[in-house]
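**Q** Please read through the structure below; I'll follow up with questions.
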Protein chains: 2
Amino acid sequence: MRDVYVIGAGMTHFGKFPEVSAIEHGAKAAWEAVKDANINPSDIQVAYCGNAMGGIMTGQECCIGQLMLRDAGIRGIPIMRIENACASGSSALHEAWLMVGSGIYEVAMAVGAEKLTSDDPVRSLSALAAATDLEAEGSMGATFPGIYAMVMSKHMELYGTTREQLARVAVKNYKHGSLNPRSQYRKQLTIEEVISSRIISYPLRRLDCCPIGDGAAAVVVASGDFAKSRDREGVLLAASALTTGMRDGLDDITSSDTTARAARQAYEMAGLGPEDIDVAEVHDCFTVAEIIHYEDLGFCPKGEGGRFMEEGRSSMGGAVVVNPSGGLLAKGHPVGATGIAQICELYWQLQGDAAQRQVEGAKVGLSLCQGGFFYGDCGSAVIHILKK
Amino acid sequence: MRDVYVIGAGMTHFGKFPEVSAIEHGAKAAWEAVKDANINPSDIQVAYCGNAMGGIMTGQECCIGQLMLRDAGIRGIPIMRIENACASGSSALHEAWLMVGSGIYEVAMAVGAEKLTSDDPVRSLSALAAATDLEAEGSMGATFPGIYAMVMSKHMELYGTTREQLARVAVKNYKHGSLNPRSQYRKQLTIEEVISSRIISYPLRRLDCCPIGDGAAAVVVASGDFAKSRDREGVLLAASALTTGMRDGLDDITSSDTTARAARQAYEMAGLGPEDIDVAEVHDCFTVAEIIHYEDLGFCPKGEGGRFMEEGRSSMGGAVVVNPSGGLLAKGHPVGATGIAQICELYWQLQGDAAQRQVEGAKVGLSLCQGGFFYGDCGSAVIHILKK
């Protein structure tokens, strides 16, 4: 595999936009990425579109990538939709990385878009439930909030993680989101507000959960030779690892073997360790998820995620600033867009373009996106490491 | 790119199976392909699942590949769903071919599965309509039968193609299907029966159209080194080409530029021409589609597809036997499975394993799968060439 660089990024404002289609969002992000990369749409040689729930949400289950890219002037080239539940966007980037890294193509695009708002909230919930094993988990009522409520209870029981420590994840990420013009939420929160927000699935409360929203993100990746030919330095995509669930038994629902395996692969590929990561965008679909990611990514030992948060080690000025964009909790989680939006944020951070939310001196960034429930066979984890 | 071999194939019976899920069909085909390849499930290093309409049809829009492969003992590896409308299965194979051909992996699986039958026929039609541009084509009522009825009228008008010539495509493919134990239909037809079947969209009649059905197919592809290590000779996958629509204007709806471009690429890659093809599995979603494919693939000059059929040049004993499996018309068209089922048929044909429907002396096979309407920007064509 040769070196692959991110040379352009584009992202829409995340939020609830009842009048805007996923196709419009996607076209906007793709066009912004093309402009940012200083290339022409016709320079793109292959494109992958991350979209997880277009069928249930909009009826347009097929060809959504072709339609959004056509509107950005990109057509004729191989275009496929990649679906891998909540990791659809990062899986699309994984494919784009493989295509350029293996030398098959010089320039590829990964675009992710999703529309989750609808006039019928049941439709949105059905779409999200489709990321579980419907027959096994769905029939038991094991929705994602239900599953993560169990994970949260267990982490508190096993490791003494406190309600306040968990709330601090939301407080931190909302604070970051308040500084991000593309974030779905721009307000700040207090610990008290998180803890007293309404119960969704005990002990999980409303502000422990990421919101429903719409949006899109896109990146252009290219070989070093191509980047040079366009005077683009870009950011090195030093590792891309994708794992799928394979765990038997029910021994520990507070850790993710998909994340742990993907992390090992990605660190090895990049020749780096957790201590080298300056900034990370991780899959904080619920507050407890971010705590577990600290542990599975090796930012702290198992069980110490709550303390790691409380001590400010993942906050601005800490050892590794986690979710400076606002994360899924505040910035939002339009499913297919999320994994690519994480890469946009790291690209901006590593180039010093993150304005008010800039992590000072950030040289190495890591993203983690998860698909499905990390415990099940249909779960997946995708990790990327970027380096300036 | 190094050589890639198909070393195993599996396929379910196609048909209407109200009690069987797409996941069950997919698991069965995947397991059959693993057994046929004489490998273990754990030998598979990466897998792509072609599925186009799982969200609308079953609610399980996400992770369907992981679920079917888990049931075949394949897990832990990168698994993604590839959606490219009716070309989803062949696009999944295209990715698998790229992964092995580029040297990233030694062994990959492409599996395709679809469930199109339902207790509500409207759901099946909505799912199929999702392969058009819903806003543009869908809102005009331009369903696939409507579109192909226009294409059929135009081909008859421009080239004098006769109603009888078109009917012969169905007669030929039903005859082949009657010899294929996995075919949805096993009966033979007469020209009269085709011409007098009920009108769907004038001049298109019921027996000009492929049926709705369920099923799955899977293939294992591997490097030459791996194949040798398992004493498998396999069949060379000599070319894989994927194109997406890029045509402006409405000058000619009786030819497909996606097919023509993919054919040029595939012939060049394989170092072969249309005259070298002994057997072909092409996308006969409607009788007229097969006629057009003869022309766009270079089997005959433009406008002469009807005559080519009438003269028996695509029938058993002809220059290139087209759709010996029964094609989409008789064997059936469970969308995500179709492109991979085509490869299963060619694999069996080139190894002399096609029993009663064997094309004598077949050495080179070609498959063509189309996604969306070939005329629109969201259309695509995928061509594979196999060689023994």
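Labels for the structure tokens follow display order: chains A, B, ..., residues from 1 in each chain, ligands from 1.
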Please identify all polymer residues within 12 Å of Ala29 in chain A, counting only C-alpha atoms, omitting same-chain residues fewer than 4 positions from it, and present them as a PyMOL selection string.

**A** chain A and resi 8-14+22-25+33-36+49+68-69+71-72+109-114+182+215-220+337+340-341+344

**Q** What are the closest atom pairs, with distances in Å to one decimal, for all residues of chain A lying within 8 Å of chain B? Consider only C-alpha atoms, order rows by chain and residue number, and present the result as a tab-separated table.

**A**
```
residue	atom	partner	partner_atom	distance
A:Ala52	CA	B:Cys62	CA	6.4
A:Met53	CA	B:Glu61	CA	6.4
A:Gly55	CA	B:Gly55	CA	5.4
A:Ile56	CA	B:Gly55	CA	5.6
A:Gly59	CA	B:Ala130	CA	6.2
A:Gln60	CA	B:Ala130	CA	4.9
A:Glu61	CA	B:Ala130	CA	5.6
A:Cys62	CA	B:Ala131	CA	5.0
A:Cys63	CA	B:Cys378	CA	5.7
A:Gln66	CA	B:Cys378	CA	5.1
A:Leu67	CA	B:Cys378	CA	6.1
A:Arg70	CA	B:Asp377	CA	6.9
A:Arg75	CA	B:Met246	CA	5.7
A:Gly76	CA	B:Thr244	CA	4.4
A:Ile77	CA	B:Thr244	CA	5.6
A:Pro78	CA	B:Thr243	CA	5.3
A:Ile79	CA	B:Thr244	CA	6.8
A:Met80	CA	B:Asn84	CA	5.6
A:Arg81	CA	B:Glu83	CA	5.0
A:Ile82	CA	B:Ile82	CA	5.1
A:Glu83	CA	B:Arg81	CA	5.0
A:Asn84	CA	B:Met80	CA	5.6
A:Ala85	CA	B:Cys62	CA	5.1
A:Ser91	CA	B:Met80	CA	7.6
A:Ser102	CA	B:Ser102	CA	6.1
A:Gly103	CA	B:Ser102	CA	7.9
A:Ile104	CA	B:Ser102	CA	7.4
A:Ser126	CA	B:Gly59	CA	7.5
A:Ala127	CA	B:Gly59	CA	7.5
A:Ala130	CA	B:Gln60	CA	4.9
A:Ala131	CA	B:Cys62	CA	5.0
A:Thr132	CA	B:Cys62	CA	7.6
A:Asp133	CA	B:Leu67	CA	7.4
A:Leu134	CA	B:Gln60	CA	6.5
A:Leu242	CA	B:Pro78	CA	5.7
A:Thr243	CA	B:Pro78	CA	5.3
A:Thr244	CA	B:Gly76	CA	4.4
A:Gly245	CA	B:Gly76	CA	5.1
A:Met246	CA	B:Gly76	CA	4.7
A:Gly372	CA	B:Cys63	CA	7.4
A:Asp377	CA	B:Arg70	CA	6.9
A:Cys378	CA	B:Gln66	CA	5.2
A:Gly379	CA	B:Cys63	CA	7.9
```

**Q** As a VMD selection string, list the residues of range 290-388 of chain B assigned to alpha helix (DSSP H) by DSSP on the backbone atoms of this structure.

**A** chain B and resid 290 to 296 305 to 310 327 to 330 335 to 350

**Q** Find the spatial neighbours of Val279 in chain B, counting only C-alpha atoms, within a cut-off of 8 Å - ignore same-chain residues fewer than 5 positions away - and output them as a list of chain:residue names.

**A** B:Val320, B:Val321, B:Val322, B:Asn323, B:Pro324, B:Leu346, B:Val359, B:Ala362, B:Val364, B:Gly365, B:Leu366

**Q** Give me, as a PDB file with all heavy atoms, in the first residue's frame, the residues of range 16-174 of chain B that a backbone DSSP run labels strand (DSSP E or B).

**A**
```pdb
ATOM      1  N   VAL B  46     -12.340 -11.196   3.235  1.00  0.00           N
ATOM      2  CA  VAL B  46     -13.162  -9.990   3.077  1.00  0.00           C
ATOM      3  C   VAL B  46     -14.400 -10.408   2.286  1.00  0.00           C
ATOM      4  O   VAL B  46     -14.319 -11.335   1.471  1.00  0.00           O
ATOM      5  CB  VAL B  46     -12.374  -8.870   2.342  1.00  0.00           C
ATOM      6  CG1 VAL B  46     -12.048  -9.265   0.909  1.00  0.00           C
ATOM      7  CG2 VAL B  46     -13.129  -7.537   2.343  1.00  0.00           C
ATOM      8  N   ALA B  47     -15.525  -9.768   2.565  1.00  0.00           N
ATOM      9  CA  ALA B  47     -16.755 -10.160   1.861  1.00  0.00           C
ATOM     10  C   ALA B  47     -17.599  -8.940   1.540  1.00  0.00           C
ATOM     11  O   ALA B  47     -17.672  -7.982   2.320  1.00  0.00           O
ATOM     12  CB  ALA B  47     -17.563 -11.146   2.697  1.00  0.00           C
ATOM     13  N   TYR B  48     -18.211  -8.992   0.366  1.00  0.00           N
ATOM     14  CA  TYR B  48     -19.122  -7.938  -0.080  1.00  0.00           C
ATOM     15  C   TYR B  48     -20.477  -8.560  -0.359  1.00  0.00           C
ATOM     16  O   TYR B  48     -20.551  -9.604  -1.007  1.00  0.00           O
ATOM     17  CB  TYR B  48     -18.585  -7.267  -1.348  1.00  0.00           C
ATOM     18  CG  TYR B  48     -17.284  -6.544  -1.096  1.00  0.00           C
ATOM     19  CD1 TYR B  48     -16.058  -7.170  -1.288  1.00  0.00           C
ATOM     20  CD2 TYR B  48     -17.291  -5.238  -0.611  1.00  0.00           C
ATOM     21  CE1 TYR B  48     -14.864  -6.505  -1.020  1.00  0.00           C
ATOM     22  CE2 TYR B  48     -16.107  -4.570  -0.347  1.00  0.00           C
ATOM     23  CZ  TYR B  48     -14.904  -5.210  -0.554  1.00  0.00           C
ATOM     24  OH  TYR B  48     -13.732  -4.552  -0.283  1.00  0.00           O
ATOM     25  N   CYS B  49     -21.511  -7.903   0.134  1.00  0.00           N
ATOM     26  CA  CYS B  49     -22.863  -8.426  -0.020  1.00  0.00           C
ATOM     27  C   CYS B  49     -23.681  -7.517  -0.915  1.00  0.00           C
ATOM     28  O   CYS B  49     -23.879  -6.339  -0.598  1.00  0.00           O
ATOM     29  CB  CYS B  49     -23.522  -8.539   1.351  1.00  0.00           C
ATOM     30  SG  CYS B  49     -25.269  -8.948   1.234  1.00  0.00           S
ATOM     31  N   GLY B  50     -24.145  -8.040  -2.023  1.00  0.00           N
ATOM     32  CA  GLY B  50     -25.029  -7.286  -2.911  1.00  0.00           C
ATOM     33  C   GLY B  50     -26.476  -7.446  -2.464  1.00  0.00           C
ATOM     34  O   GLY B  50     -26.986  -8.560  -2.398  1.00  0.00           O
ATOM     35  N   ILE B  79     -16.853  -6.801   6.270  1.00  0.00           N
ATOM     36  CA  ILE B  79     -18.049  -7.164   5.498  1.00  0.00           C
ATOM     37  C   ILE B  79     -18.825  -5.883   5.230  1.00  0.00           C
ATOM     38  O   ILE B  79     -19.118  -5.131   6.145  1.00  0.00           O
ATOM     39  CB  ILE B  79     -18.946  -8.150   6.286  1.00  0.00           C
ATOM     40  CG1 ILE B  79     -18.201  -9.451   6.590  1.00  0.00           C
ATOM     41  CG2 ILE B  79     -20.244  -8.428   5.522  1.00  0.00           C
ATOM     42  CD1 ILE B  79     -18.951 -10.409   7.512  1.00  0.00           C
ATOM     43  N   MET B  80     -19.096  -5.623   3.980  1.00  0.00           N
ATOM     44  CA  MET B  80     -19.876  -4.432   3.640  1.00  0.00           C
ATOM     45  C   MET B  80     -20.972  -4.795   2.670  1.00  0.00           C
ATOM     46  O   MET B  80     -20.838  -5.726   1.888  1.00  0.00           O
ATOM     47  CB  MET B  80     -18.975  -3.373   2.981  1.00  0.00           C
ATOM     48  CG  MET B  80     -18.217  -2.525   3.981  1.00  0.00           C
ATOM     49  SD  MET B  80     -16.846  -1.660   3.195  1.00  0.00           S
ATOM     50  CE  MET B  80     -15.564  -2.904   3.407  1.00  0.00           C
ATOM     51  N   ARG B  81     -22.039  -4.037   2.716  1.00  0.00           N
ATOM     52  CA  ARG B  81     -23.099  -4.190   1.729  1.00  0.00           C
ATOM     53  C   ARG B  81     -22.831  -3.218   0.587  1.00  0.00           C
ATOM     54  O   ARG B  81     -22.528  -2.046   0.821  1.00  0.00           O
ATOM     55  CB  ARG B  81     -24.445  -3.861   2.361  1.00  0.00           C
ATOM     56  CG  ARG B  81     -25.605  -3.829   1.371  1.00  0.00           C
ATOM     57  CD  ARG B  81     -26.872  -3.324   2.074  1.00  0.00           C
ATOM     58  NE  ARG B  81     -27.946  -3.076   1.145  1.00  0.00           N
ATOM     59  CZ  ARG B  81     -28.938  -2.213   1.356  1.00  0.00           C
ATOM     60  NH1 ARG B  81     -28.976  -1.518   2.475  1.00  0.00           N
ATOM     61  NH2 ARG B  81     -29.882  -2.034   0.472  1.00  0.00           N
ATOM     62  N   ILE B  82     -22.921  -3.741  -0.645  1.00  0.00           N
ATOM     63  CA  ILE B  82     -22.768  -2.918  -1.835  1.00  0.00           C
ATOM     64  C   ILE B  82     -24.131  -2.781  -2.483  1.00  0.00           C
ATOM     65  O   ILE B  82     -24.778  -3.776  -2.776  1.00  0.00           O
ATOM     66  CB  ILE B  82     -21.800  -3.588  -2.838  1.00  0.00           C
ATOM     67  CG1 ILE B  82     -20.427  -3.818  -2.217  1.00  0.00           C
ATOM     68  CG2 ILE B  82     -21.713  -2.774  -4.127  1.00  0.00           C
ATOM     69  CD1 ILE B  82     -19.578  -2.605  -2.063  1.00  0.00           C
ATOM     70  N   GLU B  83     -24.525  -1.538  -2.704  1.00  0.00           N
ATOM     71  CA  GLU B  83     -25.798  -1.316  -3.388  1.00  0.00           C
ATOM     72  C   GLU B  83     -25.521  -0.553  -4.666  1.00  0.00           C
ATOM     73  O   GLU B  83     -24.854   0.487  -4.646  1.00  0.00           O
ATOM     74  CB  GLU B  83     -26.760  -0.563  -2.474  1.00  0.00           C
ATOM     75  CG  GLU B  83     -28.121  -0.305  -3.100  1.00  0.00           C
ATOM     76  CD  GLU B  83     -28.101   0.933  -3.967  1.00  0.00           C
ATOM     77  OE1 GLU B  83     -27.719   1.987  -3.449  1.00  0.00           O
ATOM     78  OE2 GLU B  83     -28.445   0.844  -5.160  1.00  0.00           O
ATOM     79  N   ASN B  84     -25.977  -1.085  -5.753  1.00  0.00           N
ATOM     80  CA  ASN B  84     -25.873  -0.412  -7.047  1.00  0.00           C
ATOM     81  C   ASN B  84     -27.084  -0.828  -7.886  1.00  0.00           C
ATOM     82  O   ASN B  84     -26.946  -1.309  -9.012  1.00  0.00           O
ATOM     83  CB  ASN B  84     -24.555  -0.787  -7.735  1.00  0.00           C
ATOM     84  CG  ASN B  84     -24.202   0.173  -8.854  1.00  0.00           C
ATOM     85  OD1 ASN B  84     -24.886   1.171  -9.050  1.00  0.00           O
ATOM     86  ND2 ASN B  84     -23.162  -0.145  -9.604  1.00  0.00           N
ATOM     87  N   CYS B  86     -29.943  -2.782  -9.598  1.00  0.00           N
ATOM     88  CA  CYS B  86     -29.986  -4.168 -10.070  1.00  0.00           C
ATOM     89  C   CYS B  86     -28.605  -4.748 -10.324  1.00  0.00           C
ATOM     90  O   CYS B  86     -28.454  -5.948 -10.540  1.00  0.00           O
ATOM     91  CB  CYS B  86     -30.846  -4.272 -11.326  1.00  0.00           C
ATOM     92  SG  CYS B  86     -32.562  -3.835 -10.986  1.00  0.00           S
ATOM     93  N   VAL B 107      -8.224 -14.132  -0.651  1.00  0.00           N
ATOM     94  CA  VAL B 107      -9.512 -14.810  -0.842  1.00  0.00           C
ATOM     95  C   VAL B 107     -10.653 -13.867  -0.460  1.00  0.00           C
ATOM     96  O   VAL B 107     -10.637 -13.299   0.635  1.00  0.00           O
ATOM     97  CB  VAL B 107      -9.630 -16.064   0.059  1.00  0.00           C
ATOM     98  CG1 VAL B 107     -10.848 -16.896  -0.355  1.00  0.00           C
ATOM     99  CG2 VAL B 107      -8.372 -16.899   0.024  1.00  0.00           C
ATOM    100  N   ALA B 108     -11.619 -13.731  -1.315  1.00  0.00           N
ATOM    101  CA  ALA B 108     -12.755 -12.855  -1.028  1.00  0.00           C
ATOM    102  C   ALA B 108     -14.049 -13.533  -1.445  1.00  0.00           C
ATOM    103  O   ALA B 108     -14.050 -14.407  -2.312  1.00  0.00           O
ATOM    104  CB  ALA B 108     -12.606 -11.528  -1.781  1.00  0.00           C
ATOM    105  N   MET B 109     -15.133 -13.143  -0.802  1.00  0.00           N
ATOM    106  CA  MET B 109     -16.438 -13.653  -1.197  1.00  0.00           C
ATOM    107  C   MET B 109     -17.320 -12.507  -1.673  1.00  0.00           C
ATOM    108  O   MET B 109     -17.300 -11.411  -1.108  1.00  0.00           O
ATOM    109  CB  MET B 109     -17.136 -14.360  -0.042  1.00  0.00           C
ATOM    110  CG  MET B 109     -18.583 -14.739  -0.386  1.00  0.00           C
ATOM    111  SD  MET B 109     -19.388 -15.770   0.851  1.00  0.00           S
ATOM    112  CE  MET B 109     -18.780 -17.387   0.327  1.00  0.00           C
ATOM    113  N   ALA B 110     -18.085 -12.784  -2.712  1.00  0.00           N
ATOM    114  CA  ALA B 110     -19.176 -11.888  -3.093  1.00  0.00           C
ATOM    115  C   ALA B 110     -20.456 -12.698  -2.979  1.00  0.00           C
ATOM    116  O   ALA B 110     -20.564 -13.778  -3.558  1.00  0.00           O
ATOM    117  CB  ALA B 110     -18.988 -11.371  -4.519  1.00  0.00           C
ATOM    118  N   VAL B 111     -21.373 -12.197  -2.180  1.00  0.00           N
ATOM    119  CA  VAL B 111     -22.658 -12.870  -2.006  1.00  0.00           C
ATOM    120  C   VAL B 111     -23.751 -11.870  -2.338  1.00  0.00           C
ATOM    121  O   VAL B 111     -23.609 -10.678  -2.061  1.00  0.00           O
ATOM    122  CB  VAL B 111     -22.811 -13.430  -0.566  1.00  0.00           C
ATOM    123  CG1 VAL B 111     -22.687 -12.334   0.485  1.00  0.00           C
ATOM    124  CG2 VAL B 111     -24.116 -14.188  -0.384  1.00  0.00           C
ATOM    125  N   GLY B 112     -24.791 -12.323  -2.974  1.00  0.00           N
ATOM    126  CA  GLY B 112     -25.915 -11.437  -3.278  1.00  0.00           C
ATOM    127  C   GLY B 112     -27.202 -12.124  -2.898  1.00  0.00           C
ATOM    128  O   GLY B 112     -27.345 -13.332  -3.125  1.00  0.00           O
ATOM    129  N   ALA B 113     -28.121 -11.391  -2.292  1.00  0.00           N
ATOM    130  CA  ALA B 113     -29.384 -11.996  -1.873  1.00  0.00           C
ATOM    131  C   ALA B 113     -30.476 -10.945  -1.918  1.00  0.00           C
ATOM    132  O   ALA B 113     -30.224  -9.764  -1.702  1.00  0.00           O
ATOM    133  CB  ALA B 113     -29.263 -12.559  -0.457  1.00  0.00           C
ATOM    134  N   GLU B 114     -31.675 -11.395  -2.199  1.00  0.00           N
ATOM    135  CA  GLU B 114     -32.791 -10.453  -2.203  1.00  0.00           C
ATOM    136  C   GLU B 114     -34.084 -11.190  -1.933  1.00  0.00           C
ATOM    137  O   GLU B 114     -34.260 -12.336  -2.358  1.00  0.00           O
ATOM    138  CB  GLU B 114     -32.887  -9.768  -3.576  1.00  0.00           C
ATOM    139  CG  GLU B 114     -33.619  -8.441  -3.540  1.00  0.00           C
ATOM    140  CD  GLU B 114     -32.708  -7.272  -3.149  1.00  0.00           C
ATOM    141  OE1 GLU B 114     -31.613  -7.152  -3.720  1.00  0.00           O
ATOM    142  OE2 GLU B 114     -33.091  -6.497  -2.250  1.00  0.00           O
TER     143      GLU B 114
END
```
